[in-house]
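Novice: Have a look at the structure that comes next, please.
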Amino acid sequence: MALYQDVIMAGFGGQGVMLIGNLLAYAGMDAGLNVTFIPVYGPEMRGGTANCTVVVSDDEIGSPIIQRPLGAIVLNQPSLEKFQPRIQDGGVQIVNASLVDAALVERGRIRSVCIPVNDIADRLGNPRMLNMVALGAFIKATGLLSLEQVEKSLSNVIASHYSYLIPKNAEALRAGYAFREGD
Amino acid sequence: MRMNGERKFIKGNEAVGYGAMAAGLRCYFGYPITPQNEIPEFLSSALPAAGGEFVQAESELAAANMLLGAVSTGVRAMTSSSSPGISLMQEAISYMAGSELPGVIVNMNRGGPGLGDIGPAQGDYFQSTRGGGHGDYRTLVLAPSTCQEAYDMMIASFDLAFKYRNPVLMLGDGIIGGMKEPVTMWQPERPADHAEAWQVDGAAGREKRLIRSLRLDEGELAQHNRHLAAKYEAMKAEARAECFLTDDAELVVVAFGSMGRIAKSGIRKLRSEGFKVGLVRPITLYPFPADVLETLAAQGKRFLTIEQNTGQMVEDVRLAIRRHADSEFFGMMPGELPGAEDLMAPMLDAVRRK
Amino acid sequence: MAPDIDSITLARETAENVDLTPRPGETLVFDKPRSLRSQNTHYCPGCHHGVAHRLVAELLDEMELREKAIAVSSIGCSVFIYHYLDVDSIEAPHGRGPAAATGLKRARPESFVFTYQGDGDLASIGMAEIMHAANRGERISVVFVNNTVYGMTGGQMAPTTLIGQKTTTCPAGRCLEREGSPIRMAEIMASLGGVAYSARVSLDSVKNIRDAKKAMRRAFQVQTENIGFGFVEVLSGCPTNWRMDAVKANRRIRAEMIPYFPLGVYKDVNTLNPEGER
């Protein structure tokens with residue numbers, strides 16, 4: 001089976017979905033795979049959410065725009081309402097349990113990983129790294145790339161004058177990767 | 001710039017900038033408009049750093065006329081814009097065609113008419129492939145569907161512009177401009193100091209030269225326009241298209257640019273379900289790859305043209321296959337961000353309908 | 001939109017050029033500048049374009065600029081300046097001369113680039129391009145011929161047409177309330193930070209022609225010395241469209257044009273400064 005994964009990452013502006021979208025795409029590229037990253041704009045941008053779509057494949061990538069994704073990273077409630085119904089049967093979503101009402105999360109049709117990324121990031125000492133926690137959980141849930149591959153690509157997406165934050169971001173990735181529901 | 005083989009993860013707009021630099025760009029003139037602003041933003045630092053000139057013009061009208069002036073001296077120069085701005089550039093594009101000047105113009109097509117929207121669209125197909133301005137002329141038109149193609153086509157655009165002494169247009173859209181993909185950098189071999197026999201750079205030790213489009217002598221314009229027509233005929237050798245799974249296809253989808261790549265995803269899915277669908281993606285829109293389509297039509301295949309407009313390229317498809325077949329049409333509208341699923345439904349309809 | 005120009009017929013090369021080589025016993029006292037070609041012009045009797053062309057050509061010779069000059073011709077009667085000057089030339093769309101010149105100069109900074117534009121071209125359709133090229137301080141020189149009328153298209157109202165002046169599109173005379181007032185370009189140019197030199201001159205008399213050449217020289221110099229943008233407005237006669245003979249046309253320049261368009265140097269600086277010091 002050819003390697004193929006697409007994912008829509010969505011949240012409030014400022015939650016860092018573009019950064020983790022770029023990071024995943026970089027990591028895919030550095031792993032020798034084809035990747036596309038597209039910030040979705042137009043009417044999709046309204047309603048308080050920012051989102052981007054990443055496709056990773058070992059084959060040529062056709063559409064960079066995905067309407068029914070295999071994966072989603074959902075960082076706030078409006079994004080859950082918008083994207084959860086679109087996820088393909090058997091797909092996987094990472095849901096930010098810190099901000100999303102657990103009762104609204106679908107189970108069964110799709111695989112949902114509910115993880116309180118805000119709380120975990122707070123515990124690690126930097127609330128802004130909630131996005132990395134979510135990406136770590138996504139990597140774990142899909143097995144798309146190794147944690148090491150993603151960590152190695154951090155230096156590509158974090159500006160050099162913020163490079164001192166790379167270890168902290170890597171820690172957040174690892175915390176998301178290590179998370180197990182029910183913990 | 002030494003970056004051969006380097007793989008960069010960049011937006012299509014940035015790929016345009018990198019490709020132009022690799023092609024030996026000396027001057028860029030432009031005016032801000034969404035969705036192509038990363039092109040001037042990138043070149044405003046990269047080009048001066050390489051000893052070139054970057055000018056933010058007072059309007060697209062001025063930018064295109066600055067381009068006319070710069071390429072008159074034989075240097076590689078370009079402008080870029082999006083649909084409403086390209087309309088303003090048509091004056092200079094017509095003059096460049098009439099004066100046989102090798103200007104390179106990039107259009108990241110957005111929704112229209114009028115201000116339209118800032119999302120992807122293919123509504124400028126007619127404007128691009130029918131000259132666009134006044135008078136009887138054509139521009140060479142290339143349509144990228146990936147960021148790598150955007151890079152590669154910038155290099156091709158400059159080569160073609162100088163080969164034919166004709167404006168070359170690269171027609172992308174908001175998807176190509178805004179999406180990111182890995183792009184492999186490469187640098188073409190070019191003679192370091194090349195002078196054109198027609199360039200104006202001061203009549204030192206030679207006869208003066210004149211670049212003009214005004215031809216008032218009796219018969220002069222007729223003769224000139226026949227010369228241009230012969231040139232456009234010769235350009236047909238440059239026609240290019242990508243054929244994907246067309247050999248055994250019953251239905252051939254024709255789509256260009258980002259719609260071409262999105263259609264490809266749909267075709268893959270339909271193939272996995274046993275439907276014999278293939279794709280022809282015109283890479284040059286002018287000259288149009290009519291021969292490829294006619295050959296397929298003669299084999300008895302059926303056709304569906306998909307565009308993000310109300311039906312423009314489909315006229316060229318129908319002209320190409322008119323002796324053997326007709327083409328159905330499916331149009332997405334600007335503002336509708338198309339996914340493969342949107343395009344699969346009309347494909348399925350068409351392939352099932354014998 | 002460019003005015004239509006099919007009423008103009010291009011003058012042919014003269015079949016027999018006059019041989020100006022002095023014969024034995026003769027002394028040459030007046031010669032054709034090297035930068036002018038031996039070709040009859042298409043200009044009407046009494047038109048000042050020929051004089052202005054000659055001044056340009058003399059300066060190209062004297063300042064040794066001919067071999068690095070690129071002329072930008074504009075749309076109007078003077079479009080054919082490229083047939084009369086022996087320099088590399090391009091033809092810009094109507095009003096876009098300063099934009100095209102910007103492209104030329106940026107691509108070939110070692111070249112001497114100048115535009116030659118009329119009042120319709122520069123002060124009407126090309127107002128945006130002249131303002132911004134001047135304001136950017138492009139190292140180009142502009143010769144602006146103001147004869148208060150569209151010449152090539154047959155005498156229509158120009159942005160410089162005087163109040164009360166009759167033209168084919170203001171047959172009752174230009175009216176301030178309806179058509180606004182004539183634009184004074186030399187003064188406007190002087191107010192822009194990128195302009196190193198701006199002056200208004202006239203070709204109505206020998207003295208003024210001499211002054212005109214001095215002004216043009218300085219407008220060229222600010223380019224060759226890399227100081228800034230050089231601009232000369234040249235008041236000129238158009239006897240044909242003014243419906244008068246050449247002598248009366250010269251008198252009109254003195255009696256009507258100069259009072260509204262005062263001659264003089266409006267700006268002359270050795271370094272640009274954004275405060276617009278004159």
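As shown in the structure tokens, the chain order sets the letters A, B, ...; within each chain, residues go from 1, and ligands are also counted from 1 in the order they appear.
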For the interface of chain C with chain B (cut-off 7 Å, counting only C-alpha atoms), please tabulate each contacting residue of chain C alongside its nearest pair of atoms and their separation in Å to one decimal, rows sorted by chain and increasing number, as JSON lines.

Specialist:
{"residue": "C:Glu67", "atom": "CA", "partner": "B:Ala204", "partner_atom": "CA", "distance": 4.4}
{"residue": "C:Lys68", "atom": "CA", "partner": "B:Gly202", "partner_atom": "CA", "distance": 3.9}
{"residue": "C:Ala69", "atom": "CA", "partner": "B:Gly202", "partner_atom": "CA", "distance": 5.1}
{"residue": "C:Ile70", "atom": "CA", "partner": "B:Gly202", "partner_atom": "CA", "distance": 6.0}
{"residue": "C:Asp86", "atom": "CA", "partner": "B:Lys208", "partner_atom": "CA", "distance": 6.1}
{"residue": "C:Val87", "atom": "CA", "partner": "B:Lys208", "partner_atom": "CA", "distance": 5.2}
{"residue": "C:Asp88", "atom": "CA", "partner": "B:Arg209", "partner_atom": "CA", "distance": 4.8}
{"residue": "C:Ser89", "atom": "CA", "partner": "B:Leu210", "partner_atom": "CA", "distance": 4.9}
{"residue": "C:Ile90", "atom": "CA", "partner": "B:Ile211", "partner_atom": "CA", "distance": 4.6}
{"residue": "C:Glu91", "atom": "CA", "partner": "B:Arg212", "partner_atom": "CA", "distance": 5.0}
{"residue": "C:Arg96", "atom": "CA", "partner": "B:Asn65", "partner_atom": "CA", "distance": 6.5}
{"residue": "C:Ala99", "atom": "CA", "partner": "B:Met66", "partner_atom": "CA", "distance": 4.8}
{"residue": "C:Ala100", "atom": "CA", "partner": "B:Gly69", "partner_atom": "CA", "distance": 4.1}
{"residue": "C:Ala101", "atom": "CA", "partner": "B:Gly69", "partner_atom": "CA", "distance": 6.0}
{"residue": "C:Thr102", "atom": "CA", "partner": "B:Met66", "partner_atom": "CA", "distance": 5.9}
{"residue": "C:Gly103", "atom": "CA", "partner": "B:Met66", "partner_atom": "CA", "distance": 4.1}
{"residue": "C:Leu104", "atom": "CA", "partner": "B:Ala70", "partner_atom": "CA", "distance": 4.5}
{"residue": "C:Arg106", "atom": "CA", "partner": "B:Glu53", "partner_atom": "CA", "distance": 6.3}
{"residue": "C:Ala107", "atom": "CA", "partner": "B:Ala70", "partner_atom": "CA", "distance": 5.3}
{"residue": "C:Ser111", "atom": "CA", "partner": "B:Asp201", "partner_atom": "CA", "distance": 6.6}
{"residue": "C:Glu129", "atom": "CA", "partner": "B:Ala62", "partner_atom": "CA", "distance": 6.5}
{"residue": "C:His132", "atom": "CA", "partner": "B:Glu58", "partner_atom": "CA", "distance": 6.6}

Novice: List every residue of segment 11-66 of chain A that DSSP, applied to the backbone of this structure, places in strand (DSSP E), and write the result as an NGL selection string.

Specialist: :A and (11 or 34-39 or 50-57)

Novice: When distances are computed from only C-alpha atoms, which of A:Asn156, A:Leu165, A:Pro78, A:Gly143 shows the smallest separation from chain B?

Specialist: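 That would be A:Asn156, the residue with the smallest distance to chain B.
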
Novice: Using only C-alpha atoms, what does the table of chain A residues within 7 Å of chain B look like, with each row giving the shortest atom pair and its distance in Å to one decimal, sorted by chain and ascending number, as a tab-separated table?

Specialist:
residue	atom	partner	partner_atom	distance
A:Tyr26	CA	B:Phe9	CA	7.0
A:Met29	CA	B:Pro182	CA	6.8
A:Val35	CA	B:Glu181	CA	6.0
A:Thr36	CA	B:Glu181	CA	4.9
A:Phe37	CA	B:Lys180	CA	4.9
A:Ile38	CA	B:Met179	CA	4.4
A:Pro39	CA	B:Met179	CA	6.9
A:Gly42	CA	B:Gly119	CA	5.9
A:Gly62	CA	B:Arg261	CA	4.6
A:Ser63	CA	B:Ile262	CA	4.0
A:Ile65	CA	B:Gly339	CA	5.4
A:Ile66	CA	B:Gly339	CA	5.6
A:Gln67	CA	B:Gly339	CA	5.8

Novice: Pull the alpha helix (DSSP H) assignments for segment 108-316 of chain B out of DSSP run on the backbone, and list those residues as an MDAnalysis selection string.

Specialist: chainID B and resid 125:129 147:164 174:178 220:235 257:272 290:298 313:316

Novice: Pick out the residues sitting within 12 Å of Glu250 of chain B, and hand them over as an MDAnalysis selection string; count only C-alpha atoms, and ignore anything fewer than 2 positions along from it in its own chain.

Specialist: chainID B and resid 245:248 252:253 271 274:279 296:297 299:304 347:348 350:354

Novice: Let me make sure I understand: among A:Val92, A:Ala31, A:Ala172, A:Ile110, which one has the smallest atom-to-atom distance to Met129 of chain A if we use only C-alpha atoms?

Specialist: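 Residue with the minimum atom-to-atom distance to Met129 of chain A: A:Ala172.
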
Novice: Which of these, C:Pro182, C:Gly76, C:Pro159, C:Gly95, has the shortest distance to Tyr43 of chain C once you count only C-alpha atoms?

Specialist: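 Of all the options, C:Gly76 lies closest to Tyr43 of chain C.
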
Novice: If we count only C-alpha atoms, what is near Ser45 of chain B at a cut-off of 12 Å, once residues fewer than 3 positions away on the same chain are taken out, given as a PyMOL selection string?

Specialist: chain B and resi 17-18+21+28+38-42+48-55

Novice: Write a file of the selected residues as a PDB file, in the first residue's frame, keeping N, CA and C atoms.

Specialist:
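Ended up saving to again.pdb:
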ATOM      1  N   GLY B  17       9.665  33.578  -8.065  1.00  0.00           N
ATOM      2  CA  GLY B  17      10.803  34.459  -7.819  1.00  0.00           C
ATOM      3  C   GLY B  17      12.132  33.733  -7.964  1.00  0.00           C
ATOM      4  N   TYR B  18      12.234  32.561  -7.343  1.00  0.00           N
ATOM      5  CA  TYR B  18      13.476  31.779  -7.440  1.00  0.00           C
ATOM      6  C   TYR B  18      13.757  31.381  -8.896  1.00  0.00           C
ATOM      7  N   MET B  21      15.015  34.298 -10.861  1.00  0.00           N
ATOM      8  CA  MET B  21      16.414  34.604 -10.515  1.00  0.00           C
ATOM      9  C   MET B  21      17.352  33.604 -11.200  1.00  0.00           C
ATOM     10  N   TYR B  28      12.742  43.799 -12.111  1.00  0.00           N
ATOM     11  CA  TYR B  28      11.354  43.454 -11.814  1.00  0.00           C
ATOM     12  C   TYR B  28      10.582  44.747 -11.558  1.00  0.00           C
ATOM     13  N   GLU B  38       3.700  37.631  -2.644  1.00  0.00           N
ATOM     14  CA  GLU B  38       4.993  37.050  -2.269  1.00  0.00           C
ATOM     15  C   GLU B  38       6.015  37.194  -3.403  1.00  0.00           C
ATOM     16  N   ILE B  39       5.548  37.386  -4.625  1.00  0.00           N
ATOM     17  CA  ILE B  39       6.512  37.536  -5.735  1.00  0.00           C
ATOM     18  C   ILE B  39       7.294  38.842  -5.572  1.00  0.00           C
ATOM     19  N   PRO B  40       6.604  40.021  -5.543  1.00  0.00           N
ATOM     20  CA  PRO B  40       7.384  41.252  -5.318  1.00  0.00           C
ATOM     21  C   PRO B  40       8.076  41.282  -3.966  1.00  0.00           C
ATOM     22  N   GLU B  41       7.449  40.697  -2.939  1.00  0.00           N
ATOM     23  CA  GLU B  41       8.088  40.730  -1.620  1.00  0.00           C
ATOM     24  C   GLU B  41       9.409  39.964  -1.634  1.00  0.00           C
ATOM     25  N   PHE B  42       9.406  38.804  -2.271  1.00  0.00           N
ATOM     26  CA  PHE B  42      10.636  38.016  -2.374  1.00  0.00           C
ATOM     27  C   PHE B  42      11.687  38.772  -3.198  1.00  0.00           C
ATOM     28  N   PRO B  48      17.818  42.956  -5.720  1.00  0.00           N
ATOM     29  CA  PRO B  48      18.905  43.922  -5.473  1.00  0.00           C
ATOM     30  C   PRO B  48      20.157  43.249  -4.888  1.00  0.00           C
ATOM     31  N   ALA B  49      19.955  42.208  -4.067  1.00  0.00           N
ATOM     32  CA  ALA B  49      21.119  41.521  -3.494  1.00  0.00           C
ATOM     33  C   ALA B  49      21.971  40.882  -4.580  1.00  0.00           C
ATOM     34  N   ALA B  50      21.341  40.562  -5.712  1.00  0.00           N
ATOM     35  CA  ALA B  50      22.075  39.952  -6.819  1.00  0.00           C
ATOM     36  C   ALA B  50      22.470  41.005  -7.860  1.00  0.00           C
ATOM     37  N   GLY B  51      22.345  42.277  -7.501  1.00  0.00           N
ATOM     38  CA  GLY B  51      22.759  43.339  -8.419  1.00  0.00           C
ATOM     39  C   GLY B  51      21.686  43.763  -9.406  1.00  0.00           C
ATOM     40  N   GLY B  52      20.448  43.286  -9.216  1.00  0.00           N
ATOM     41  CA  GLY B  52      19.368  43.656 -10.130  1.00  0.00           C
ATOM     42  C   GLY B  52      18.574  44.841  -9.622  1.00  0.00           C
ATOM     43  N   GLU B  53      17.543  45.194 -10.359  1.00  0.00           N
ATOM     44  CA  GLU B  53      16.724  46.361 -10.024  1.00  0.00           C
ATOM     45  C   GLU B  53      15.303  45.935  -9.712  1.00  0.00           C
ATOM     46  N   PHE B  54      14.789  46.417  -8.584  1.00  0.00           N
ATOM     47  CA  PHE B  54      13.400  46.182  -8.208  1.00  0.00           C
ATOM     48  C   PHE B  54      12.716  47.534  -8.093  1.00  0.00           C
ATOM     49  N   VAL B  55      11.577  47.695  -8.793  1.00  0.00           N
ATOM     50  CA  VAL B  55      10.829  48.954  -8.699  1.00  0.00           C
ATOM     51  C   VAL B  55       9.375  48.636  -8.361  1.00  0.00           C
TER      52      VAL B  55
END

Novice: If we count only C-alpha atoms, what is near Leu104 of chain A at a cut-off of 12 Å, once residues fewer than 4 positions away on the same chain are taken out, given as a list of chain:residue names?

Specialist: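 Contacts, with the query itself left out: A:Asn76, A:Gln77, A:Pro78, A:Ser79, A:Leu80, A:Glu81, A:Lys82, A:Gln84, A:Pro85, A:Val95, A:Asn96, A:Ala97, A:Leu99, A:Val100, A:Ser112, A:Cys114.
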
Novice: Within 9 Å of Asp245 of chain C, counting only C-alpha atoms, which residues qualify if same-chain residues fewer than 4 places away don't, as JSON, numbers by chain?

Specialist: {"C": [45, 46, 239, 240, 249, 250]}

Novice: List the neighbours of Trp242 of chain C out to 10 Å using only C-alpha atoms; skip same-chain residues closer than 3 positions along the sequence, and give me the result as a list in words.

Specialist: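 Once the nearby chain positions are removed, what remains is Asn147, Thr148, Val149, Gly151, Gly155, Gln165, Lys166, Thr167, Gly237, Cys238, Pro239, Asp245, Ala246, Lys248, Ala249 and Arg252 of chain C.
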
Novice: Write the residues of the selection above to a file with C-alpha atoms, as a PDB file, in the first residue's frame.

Specialist:
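Result saved to selection-v3.pdb:
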ATOM      1  CA  ASN C 147       1.864  74.310 -27.112  1.00  0.00           C
ATOM      2  CA  THR C 148      -1.544  74.391 -25.358  1.00  0.00           C
ATOM      3  CA  VAL C 149      -3.190  72.066 -27.852  1.00  0.00           C
ATOM      4  CA  GLY C 151      -1.550  68.881 -32.405  1.00  0.00           C
ATOM      5  CA  GLY C 155      -6.298  70.867 -32.304  1.00  0.00           C
ATOM      6  CA  GLN C 165      -8.643  79.663 -25.896  1.00  0.00           C
ATOM      7  CA  LYS C 166     -10.779  78.121 -28.616  1.00  0.00           C
ATOM      8  CA  THR C 167     -10.041  74.575 -29.719  1.00  0.00           C
ATOM      9  CA  GLY C 237       3.997  77.529 -31.140  1.00  0.00           C
ATOM     10  CA  CYS C 238       1.493  75.510 -33.131  1.00  0.00           C
ATOM     11  CA  PRO C 239       0.476  77.900 -35.910  1.00  0.00           C
ATOM     12  CA  ASP C 245       0.870  82.380 -39.074  1.00  0.00           C
ATOM     13  CA  ALA C 246       4.248  81.728 -37.468  1.00  0.00           C
ATOM     14  CA  LYS C 248       1.577  85.765 -34.890  1.00  0.00           C
ATOM     15  CA  ALA C 249       2.155  82.451 -33.114  1.00  0.00           C
ATOM     16  CA  ARG C 252       0.850  84.804 -28.913  1.00  0.00           C
TER      17      ARG C 252
END
